[in-house]
Amino acid sequence: MSNNFLRWKAKYDAQRERKGPFFTVSSVPIDPLYAPGHTAEIEYERDLGNPGEYPYTRGVRPNMYRGRLWTMRMFAGFATAKESNERYKFLLSQGQTGLSVAFDMPTIMGYDSDHPRAYGEVGRVGVAIDSLQDMETLFQDISLDKVSTSMTINAPASIIWSMYVVAAEKQGISANKLTGTIQNDILKEYIAQKSWIFPPDPSMRLITDIFKFSKDNVPKWNTISISGYHIREAGATALQELAFTLADGFAYVEAGVKAGLDVDDFAPRLSFFFNSHTDFFEEIAKYRAARRIWARHLKEKYGAKKEESLLMRFHTQTAGCSLTGPQPENNIVRTAYQAMAAVLGGTQSLHTNSMDEVLALPSEKAVQIALRTQQVLAYETGVVNTIDPLAGSYFVETLTNQMEEGAEEYFRKIDELGGVLGAIQENFFQQEIADAAYRYQQEIESKDRIIVGINEFVNEEKDKIDLLKIDPEVERSQIKRLKELKQSRDNLRVQTTLTDLKEAAQGSENLIPKIMDAVRAYATEGEMIAVLKEVFGEYREQAVF
Amino acid sequence: MNKTRIRVLVGKPGLDGHDRGAKVIARALRDAGMEVIYSGLHQTPEQLVEAAIQEDVDLIGISVLSGAHMTIFPRIKELLKEQNAEDILLMGGGTIPEEDIASLIEAGHAEALFTPGATTTEIVSWIREKVAESKAEVI
């Protein structure tokens, strides 16, 4: 430490410090001052680079938001395909620039709407999709070569994506024109989100089948969105979110290479998805470190040659877990700060949560405010005028370096446990996340951490807020549609395509063309999943808390 | 049977995988000296009720973030009744709108519902009080 710094420190120590604690949302202690002589060593070319230059700490494009703003992409979907289609058209008419589809739990878990396990859950947390017919309705009057679509689907991603590609085919749009993203990240399902179907090995095969098929047929599609969002929501710290997500990313790179692909053939189509929590600088440091770590590993460890392979492009969603039930309007403010952190961190697209999402799916009014929050950020605050404005900040650069060092330490631990799959089996991630979630809750209850409206500044009267309601009739009408479809389609063709799919699953050929054939025959998602379960089996977890 | 410690089944019914809340509660109850069984994910109401009876619990606590609360709570109560296990209390939490809470409680589909923002301390003391009351009734 320099004399200059020590001089200040003596003065600081002589004065009174208010009761802290001074730590981040992730419980990382923060110093009162970052200054020369008490900060990370930064070498500009080595550690930052200009925007669009290795190691991409300052952004993946040379022009960032001076060229094009981020994509404002609100996650939406509920009830039936017809109702969601209307919401999408509303959002597009309000200036939204990309679609993001939320599916209901039966669709996410591979059950048709008429399955007993779907009872009470059809259309509740997203849209119900049983067959190609629903997918066609979902995008009726929306030309699929004009929008980019993100679909939050994982275990059955191969089937839902095939339905999308075939729905486009029916609109007369060829697959090579399609742009969008499927989440398709099964590792974080085992780690945090817990919507799995098959065991890890066949799940990884489906993912690499998608990589291969996309490379030749749907080249502009982001075939995976490696997600930290759910890891964070499950209780992880910012550092854990960063480290576990990147570890997953490396595992997919290794799986692709093992499946015989050249890293440069698929790495450019890998994309990421992060959370933005309320601790402003910690989040910004996380995004900056993420880009740098990814670029360094892809270049140095995996030998990627193409520049596009090194670029970490990511979507961000503000933190649902930070929102409060009481005084829901306060959530607008939280979301706005979180959105600004994501933009200062250089996100490529952004979803801002609506204030009422702790209680229900968002109402139209709440969604509009959330979208307007992004528009105010983009057009009024001026933070988009210059690229990576926080670079060189003693504090932000120190945090960025700490994030990178901490992540490298986690990578070593994960390697010792036999990589990501080994660590999942050992419940390593699950226990780390459960511990962090519990600590966070205890900090709130002991009031070491103040959450406005929860443990301080509490209102006694109940809040009144209009919530979106899903009519139970939705489930009945969806089941009725499904029954009609099963009667009207060519059931012989359905059976033939399902048998073909099963045989292919027993071998090693790429399953995507077989799935697409079944989709074209209007086989349902549940029918295809059932056939694959016969071959692949189902995953079971040993839960820890 | 002489039971000194309160026994609780923490359950995750339905298809949703959001288990953060369930796990935090499970651990808080364990730290408070209760015996806690965690069901794991994706349980049907039938599986939960069967486990509750087998494990001889005083209370089932379920976490629902899937919007299916209006079907899940009544179903569990109904099954408990069918199995003559109405002495097992039912509480829950999750993303449940105020209006639905009122109607579930009023209809007797749950003894208590806690929403985001509830503290583990308040849940622990509610359970202690309720279980003591319900045991007193039996005696």
# chains A, B, ... in the order shown; residues from 1 in each chain; ligands from 1
$ select_by_dssp --residues "chain B" --states "strand (DSSP E or B)" --output "VMD selection string"
chain B and resid 7 to 11 13 35 to 38 43 59 to 64 89 to 94 112 to 114
$ write_last_selection --atoms "C-alpha atoms" --output "mmCIF file, in the first residue's frame"
data_model
loop_
_atom_site.group_PDB
_atom_site.id
_atom_site.type_symbol
_atom_site.label_atom_id
_atom_site.label_comp_id
_atom_site.auth_asym_id
_atom_site.auth_seq_id
_atom_site.Cartn_x
_atom_site.Cartn_y
_atom_site.Cartn_z
ATOM 1 C CA ARG B 7 -42.066 -34.131 12.611
ATOM 2 C CA VAL B 8 -42.583 -32.270 9.343
ATOM 3 C CA LEU B 9 -42.769 -33.316 5.716
ATOM 4 C CA VAL B 10 -41.602 -30.502 3.437
ATOM 5 C CA GLY B 11 -42.999 -31.267 0.012
ATOM 6 C CA PRO B 13 -45.892 -31.002 -5.380
ATOM 7 C CA GLU B 35 -37.383 -33.657 12.366
ATOM 8 C CA VAL B 36 -37.662 -32.780 8.719
ATOM 9 C CA ILE B 37 -38.269 -35.039 5.763
ATOM 10 C CA TYR B 38 -37.884 -33.383 2.362
ATOM 11 C CA GLN B 43 -44.366 -35.181 -6.217
ATOM 12 C CA LEU B 59 -47.555 -31.450 9.553
ATOM 13 C CA ILE B 60 -47.060 -31.185 5.794
ATOM 14 C CA GLY B 61 -45.590 -27.977 4.443
ATOM 15 C CA ILE B 62 -45.715 -27.547 0.695
ATOM 16 C CA SER B 63 -44.225 -24.981 -1.625
ATOM 17 C CA VAL B 64 -46.105 -24.098 -4.807
ATOM 18 C CA LEU B 89 -51.852 -30.251 9.487
ATOM 19 C CA LEU B 90 -51.261 -28.626 6.103
ATOM 20 C CA MET B 91 -49.427 -25.379 5.518
ATOM 21 C CA GLY B 92 -47.853 -23.899 2.435
ATOM 22 C CA GLY B 93 -46.132 -21.050 0.704
ATOM 23 C CA GLY B 94 -45.192 -19.739 -2.702
ATOM 24 C CA ALA B 112 -51.883 -21.461 7.067
ATOM 25 C CA LEU B 113 -50.233 -19.984 3.974
ATOM 26 C CA PHE B 114 -47.054 -17.928 3.996
#
$ interface_residues --of "chain B" --to "chain A" --cutoff "7 Å" --atoms "only C-alpha atoms" --output "PyMOL selection string"
chain B and resi 15-18+20+23-24+27+40+66-68+71+95-97+116-117+119
$ residues_around --residues "range 500-510 of chain A" --least-positions-apart "2" --cutoff "8 Å" --atoms "only C-alpha atoms" --output "count of residues only"
14
$ atom_distance --atom1 "CA of Glu55 in chain B" --atom2 "CA of Ala107 in chain B"
26.6 Å
$ residues_around --residues "Glu82 in chain B" --least-positions-apart "3" --cutoff "12 Å" --atoms "only C-alpha atoms" --output "ChimeraX atom specification"
/B:46,49-50,53,75-79,85-86
$ write_last_selection --atoms "C-alpha atoms" --output "PDB file, in the first residue's frame"
ATOM      1  CA  GLU B  46     -50.894 -38.996  -3.557  1.00  0.00           C
ATOM      2  CA  VAL B  49     -49.900 -37.984   1.558  1.00  0.00           C
ATOM      3  CA  GLU B  50     -48.516 -41.512   1.485  1.00  0.00           C
ATOM      4  CA  ILE B  53     -48.590 -41.131   6.787  1.00  0.00           C
ATOM      5  CA  ARG B  75     -56.524 -32.411  -3.285  1.00  0.00           C
ATOM      6  CA  ILE B  76     -54.095 -33.063  -0.424  1.00  0.00           C
ATOM      7  CA  LYS B  77     -56.771 -32.257   2.163  1.00  0.00           C
ATOM      8  CA  GLU B  78     -59.169 -34.592   0.391  1.00  0.00           C
ATOM      9  CA  LEU B  79     -56.621 -37.431   0.370  1.00  0.00           C
ATOM     10  CA  ALA B  85     -55.272 -38.744   8.553  1.00  0.00           C
ATOM     11  CA  GLU B  86     -57.017 -35.444   9.124  1.00  0.00           C
TER      12      GLU B  86
END
$ select_by_dssp --residues "range 380-449 of chain A" --states "helix (DSSP H, G or I)" --output "PyMOL selection string"
chain A and resi 394-416+419-425+428-445
$ atom_distance --atom1 "CA of Phe272 in chain A" --atom2 "CA of Gly249 in chain A"
8.5 Å
$ atom_distance --atom1 "CA of Thr80 in chain A" --atom2 "CA of Val474 in chain A"
6.7 Å
$ closest_residue --among "B:Gly108, B:Pro74, B:Gly33, B:Pro45" --to "Arg5 in chain B" --atoms "only C-alpha atoms"
B:Gly33
$ closest_residue --among "A:Ser276, A:Glu136, A:Pro32, A:Ser93" --to "Gly20 in chain A" --atoms "only C-alpha atoms"
A:Pro32
$ closest_residue --among "B:Ser103, B:Ser39, B:Thr120, B:Gln54" --to "Glu443 in chain A" --atoms "only C-alpha atoms"
B:Thr120
